[in-house]
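Undergrad: My structure is below; once you've seen it, I'll send some questions.
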Amino acid sequence: MPTEPLPLPSVASPEVIEIERALTRVTYLSTRARMHDRLMGIAGIPLDRAAVALLRQVADSEPQRPGELAQRLGVEASHVTRTVQQLQKAGYVTRAPDPDDRRAQRIQLTEAGRDAVDRIRDAGARGMQLALSDWGREDLGRLAALFHRMADDFLSHAADEESERSGTAPGV
């Protein structure tokens, strides 16, 4: 049964409007197919954008169930299942029994997967370093901290919103 979306605030502040505009631009520029293909060429990794996003998520966390990965990525579980199959076939991830529930599986990186993530991150970081070469170390550190804080807040808000829709308390 579909539920109504949570109401949005009546007005966004000018600062939030500018943040949304800037993020839209950065997202567009960083997710263009040509940029992705160039990054994959430099890294020597033949993966599509969805597979790279999932591979990075697995690398940044403990082994997770596919449903947990879907929630963190904001996609449907079936999407994660297909992408995990692609990554498993390429030798980048493997499935391991969940120690808390032997019927479930957790997705974890293989050695090849760790190497792939390292190469992708290195290629991306070198390109970003070039683009931000005029920025000072302090500004870069502040921006990184704020981006992480924003991502955490987005995830927390999404979890709270999902809990309100399902009628459960967050984290339950």
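Just remember, in the structure tokens the first chain shown is A, the second B, etc., residues are 1-based per chain, and ligands are 1-based in the order shown.
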Could you go through region 7-166 of chain A and tell me which residues DSSP, when run on the backbone, assigns to helix (DSSP H, G or I), listing them as a PyMOL selection string?

TA: chain A and resi 14-31+33-43+49-59+66-73+77-89+111-131+137-166

Undergrad: Using only C-alpha atoms, which residues sit within 10 Å of Leu87 (chain A) once same-chain residues fewer than 3 positions away are excluded, as a ChimeraX atom specification?

TA: /A:47,51-52,54-55,81-84,90-94,109,113

Undergrad: Pick from A:Ser61, A:Arg121, A:Ile19, A:Gly127: nearest to Ile45 (chain A), with only C-alpha atoms counted?

TA: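 Comparing A:Ser61, A:Arg121, A:Ile19, A:Gly127 against Ile45 (chain A), the winner is A:Arg121.
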
Undergrad: Provide the CA of Ala50 (chain A) to CA of Val80 (chain A) distance in Å, to one decimal place.

TA: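 CA of Val80 (chain A) lies at a distance of 8.8 Å from CA of Ala50 (chain A).
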
Undergrad: Determine the nearest neighbour of Gly124 (chain A) from the options A:Ala53, A:Ala151, A:Ala43, A:Ala77, counting only C-alpha atoms.

TA: A:Ala43

Undergrad: If we count only C-alpha atoms and set the cut-off at 10 Å, which residues sit around Ile42 (chain A), ignoring sequence neighbours fewer than 2 positions away in its own chain? Please answer as number ranges by chain.

TA: A: 36-40, 44-45, 119-120, 122-124

Undergrad: Restricting the calculation to only C-alpha atoms, which member of A:His79, A:Arg32, A:Lys89, A:Arg114 is positioned closest to Arg56 (chain A)?

TA: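 Closest to Arg56 (chain A), using only C-alpha atoms: A:Arg114.
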
Undergrad: Grab the CA of Val117 (chain A) to CA of Ala59 (chain A) distance for me, in Å with one decimal place.

TA: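 Distance between the two atoms: 7.2 Å.
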
Undergrad: Leaving out Pro97 (chain A) and any residue of its chain fewer than 2 positions from it, which residues lie within 12 Å of it when counting only C-alpha atoms, given as a ChimeraX atom specification?

TA: /A:63-65,94-95,99-108

Undergrad: So the first atom is CA of Met128 (chain A) and the second is CA of Leu143 (chain A); what is the distance between them in Å, to one decimal place?

TA: 13.0 Å
